[in-house]
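Here is the structure we will look at, set down as structure tokens.
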Amino acid sequence: MGRAVVADLTKYAGREQAYVKHYFLANYLERLVHKTASKFDEVVYVDGFSGPWQSSGESFEDTSFGIALSALRQARASWLGIGRKVRMSAHLVEKSAAAYSRLKEVSARYPDISITTYNSDFESAVPHLLTNIPPQAFMFLFVDPKGWRIRVDSVAPLFKRPNSEIVFNFMFDFINRAASMNDPVIVRGLDELIPHGNWRDRLKEISASQSDAPVLRKEVLIDAFSETLSQIGSYTYVAETPILRPLADRTLYSLIYATRKETGIEVFRDCQVKTLRTQSAVRGAAKVANSEADSGQIEIFASMGEMAPDPTEVFLQSELRLAESLLLELSPPAPASVAYGDIWPQVLAKHAIRKTELNAVAARLRKEGRLLFADWKERQRVPSDESLMFRTP
């Protein structure tokens with residue numbers, strides 16, 4: 001299996017948030033496509049808002065669909081090398097005539113992938129996508145709108161499709177501001193985007209004077225949209241990773257991920273943790289580069305950044321502690337027991353922790369006597385999915 005490829009960071013000057021988004025997408029798709037190609041004879045990538053926008057590479061390597069096509073190509077070649085032929089295809093939708101004129105160039109650059117392009121808005125393309133994508137194929141859907149106006153009911157048939165996963169770019173910063181407006185058009189648009197989760201009433205309960213009001217507002221909106229995806233598409237696991245503004249400690253948008261498989265949430269958390277640490281490094285470099293008034297200020301800024309606690313690591317440590325608490329909470333008291341494989345996906349669905357880290361937490365709790373495993377073997381280091389666990393009463 002090849003390595004995930006993202007265009008050089010220098011191509012993302014001034015739009016570092018796009019680099020972080022593409023970094024996540026590249027790493028996730030690398031693992032997803034290779035794994036699903038072992039079970040499905042066709043893997044399909046669908047991009048509802050393809051662009052290209054601000055692309056500077058001839059092969060569109062700094063675009064979402066370019067990254068996806070590279071992942072499809074790598075997986076196809078890898079499986080072909082051991083005698084398995086998997087059909088890789090992509091369906092790229094773009095409304096803008098100017099952007100679409102460039103999008104039509106893509107097929108010639110990826111002759112080993114079946115590419116269908118649509119000069120259409122995403123909602124209107126949904127019936128055609130459902131007709132053109134074989135029912136037995138696995139589909140990865142990427143929804144990355146330039147704005148936030150999407151009627152989810154109109155695209156629900158695509159969300160409901162079996163053998164599918166979704167990453168939806170939820171434009172949080174814009175949606176958060178729009179949620180406080182009374183304009184009837186904006187109100188209707190938000191209701192069409194987030195029809196579930198009772199988010200308006202929940203926002204009213206948050207006082208603007210509360211010190212944690214921004215955090216609570218984000219939690220309400222993300223939870224409501226996650227519930228919307230879950231209900232419409234019957235997705236078992238829906239999780240979010242934030243993409244921050246390069247120079248401000250504020251969420252610009254959130255990548256909302258939806259899957260029906262335990263392995264999906266496991267891979268998502270692996271890629272999320274890796275992406276969060278990359279984002280921290282990218283934003284740190286962007287802040288230093290932005291403080292170029294004089295060399296002394298750069299040195300002071302850099303040294304202060306090195307001395308201060310890394311917010312990403314603080315967050316991940318907090319998530320680790322919360323995951324430990326949830327693991328204990330979900331473990332029944334003796335004499336009842338539950339399989340570890342029924343518990344870890346629930347923990348990963350709630351908290352940004354890798355399964356390998358949660359395995360280590362479970363093993364430590366066993367040594368401490370806070371968790372018990374009925375069938376722990378002599379040389380076993382971490383629990384297996386079949387391990388029966390319980391806590392002391």
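Scheme for the structure tokens: letters A, B, ... for chains in order shown; per-chain residue numbers from 1; ligand numbers from 1 in order shown.
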
>> Report as a list in words all protein, DNA and RNA residues lying within 6 Å of region 79-94 of chain A, evaluated on only C-alpha atoms, omitting residues in the same chain fewer than 3 positions from it.
In response: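 Skipping anything fewer than 3 positions along the chain leaves Asp41, Glu42, Val43, Val44, Tyr45, Val46, Asp47, Gly48, Phe49, Ser50, Gly51, Arg76, Tyr100, Ile113, Ser114, Ile115, Thr116, Thr117, Tyr118, Asn119 and Ser120 of chain A.
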
Could you write out the selected residues, including N, CA and C atoms, as an mmCIF file, in the first residue's frame?
```cif
data_model
loop_
_atom_site.group_PDB
_atom_site.id
_atom_site.type_symbol
_atom_site.label_atom_id
_atom_site.label_comp_id
_atom_site.auth_asym_id
_atom_site.auth_seq_id
_atom_site.Cartn_x
_atom_site.Cartn_y
_atom_site.Cartn_z
ATOM 1 N N ASP A 41 -15.912 -5.335 -5.173
ATOM 2 C CA ASP A 41 -15.325 -5.362 -6.512
ATOM 3 C C ASP A 41 -15.290 -3.985 -7.157
ATOM 4 N N GLU A 42 -16.014 -3.034 -6.557
ATOM 5 C CA GLU A 42 -15.962 -1.658 -7.056
ATOM 6 C C GLU A 42 -16.008 -0.697 -5.879
ATOM 7 N N VAL A 43 -15.129 0.289 -5.896
ATOM 8 C CA VAL A 43 -15.085 1.353 -4.897
ATOM 9 C C VAL A 43 -15.343 2.668 -5.616
ATOM 10 N N VAL A 44 -16.279 3.450 -5.086
ATOM 11 C CA VAL A 44 -16.720 4.675 -5.742
ATOM 12 C C VAL A 44 -16.477 5.878 -4.831
ATOM 13 N N TYR A 45 -15.877 6.900 -5.399
ATOM 14 C CA TYR A 45 -15.725 8.183 -4.703
ATOM 15 C C TYR A 45 -16.689 9.174 -5.334
ATOM 16 N N VAL A 46 -17.469 9.850 -4.492
ATOM 17 C CA VAL A 46 -18.417 10.860 -4.961
ATOM 18 C C VAL A 46 -18.079 12.187 -4.298
ATOM 19 N N ASP A 47 -17.926 13.223 -5.100
ATOM 20 C CA ASP A 47 -17.634 14.563 -4.602
ATOM 21 C C ASP A 47 -18.765 15.489 -5.044
ATOM 22 N N GLY A 48 -19.542 15.967 -4.081
ATOM 23 C CA GLY A 48 -20.717 16.761 -4.402
ATOM 24 C C GLY A 48 -20.438 18.185 -4.820
ATOM 25 N N PHE A 49 -19.242 18.694 -4.491
ATOM 26 C CA PHE A 49 -18.864 20.078 -4.819
ATOM 27 C C PHE A 49 -17.389 20.065 -5.213
ATOM 28 N N SER A 50 -17.113 19.604 -6.406
ATOM 29 C CA SER A 50 -15.740 19.259 -6.781
ATOM 30 C C SER A 50 -14.830 20.444 -7.028
ATOM 31 N N GLY A 51 -15.351 21.534 -7.614
ATOM 32 C CA GLY A 51 -14.461 22.603 -8.037
ATOM 33 C C GLY A 51 -13.874 22.267 -9.404
ATOM 34 N N ARG A 76 -5.863 0.399 -6.352
ATOM 35 C CA ARG A 76 -6.081 -0.458 -7.525
ATOM 36 C C ARG A 76 -4.788 -1.153 -7.917
ATOM 37 N N TYR A 100 -16.222 23.740 -13.975
ATOM 38 C CA TYR A 100 -16.499 22.479 -14.669
ATOM 39 C C TYR A 100 -15.655 22.336 -15.935
ATOM 40 N N ILE A 113 -8.999 5.054 -13.995
ATOM 41 C CA ILE A 113 -10.171 5.210 -13.133
ATOM 42 C C ILE A 113 -11.343 5.669 -13.981
ATOM 43 N N SER A 114 -12.490 5.061 -13.779
ATOM 44 C CA SER A 114 -13.697 5.461 -14.499
ATOM 45 C C SER A 114 -14.268 6.722 -13.849
ATOM 46 N N ILE A 115 -14.242 7.830 -14.563
ATOM 47 C CA ILE A 115 -14.654 9.118 -14.002
ATOM 48 C C ILE A 115 -15.859 9.662 -14.764
ATOM 49 N N THR A 116 -16.887 10.010 -14.002
ATOM 50 C CA THR A 116 -18.080 10.638 -14.570
ATOM 51 C C THR A 116 -18.221 12.018 -13.945
ATOM 52 N N THR A 117 -18.379 13.037 -14.783
ATOM 53 C CA THR A 117 -18.527 14.400 -14.275
ATOM 54 C C THR A 117 -19.944 14.909 -14.561
ATOM 55 N N TYR A 118 -20.413 15.797 -13.702
ATOM 56 C CA TYR A 118 -21.769 16.333 -13.804
ATOM 57 C C TYR A 118 -21.702 17.854 -13.674
ATOM 58 N N ASN A 119 -22.150 18.566 -14.677
ATOM 59 C CA ASN A 119 -22.247 20.030 -14.586
ATOM 60 C C ASN A 119 -23.632 20.345 -14.014
ATOM 61 N N SER A 120 -23.717 20.256 -12.692
ATOM 62 C CA SER A 120 -25.010 20.321 -12.023
ATOM 63 C C SER A 120 -24.800 20.708 -10.570
#
```

>> Residues within 9 Å of Ile343 (chain A), please, as a list in words. Count only C-alpha atoms; anything in the same chain fewer than 3 positions from it doesn't count.
In response: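 My reading of the contact set: Leu327, Leu330, Ser331, Val338, Ala339, Tyr340, Gln346, Val347, Leu348 and Asp385 of chain A.
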
> Looking at only C-alpha atoms, which of A:Ala156, A:Val382, A:Leu129, A:Ala7 is the one that sits closest to Ser70 (chain A)?
Replying inline: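 Among A:Ala156, A:Val382, A:Leu129, A:Ala7, it is A:Ala7 that comes nearest to Ser70 (chain A).
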
>> Quick check for you: according to DSSP on this backbone, which residues of region 39-73 of chain A are classed as strand (DSSP E or B)? Reply as a VMD selection string.
In response: chain A and resid 42 to 47

Would you save the residues from that selection as a PDB file, in the first residue's frame, using C-alpha atoms?
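Result file is result-v3.pdb:
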```pdb
ATOM      1  CA  GLU A  42     -15.962  -1.658  -7.056  1.00  0.00           C
ATOM      2  CA  VAL A  43     -15.085   1.353  -4.897  1.00  0.00           C
ATOM      3  CA  VAL A  44     -16.720   4.675  -5.742  1.00  0.00           C
ATOM      4  CA  TYR A  45     -15.725   8.183  -4.703  1.00  0.00           C
ATOM      5  CA  VAL A  46     -18.417  10.860  -4.961  1.00  0.00           C
ATOM      6  CA  ASP A  47     -17.634  14.563  -4.602  1.00  0.00           C
TER       7      ASP A  47
END
```

> Closest to Phe40 (chain A) among A:Ala108, A:Ala137, A:Ile186, A:Leu365, using only C-alpha atoms?
Replying inline: A:Ala137

>> Can you pull out the residues contacting Leu158 (chain A)? Cut-off 10 Å, using only C-alpha atoms, and skip same-chain residues under 6 positions away; I want them as JSON, numbers by chain.
In response: {"A": [123, 126, 127, 129, 130, 139, 141, 152, 164, 166, 232, 233]}
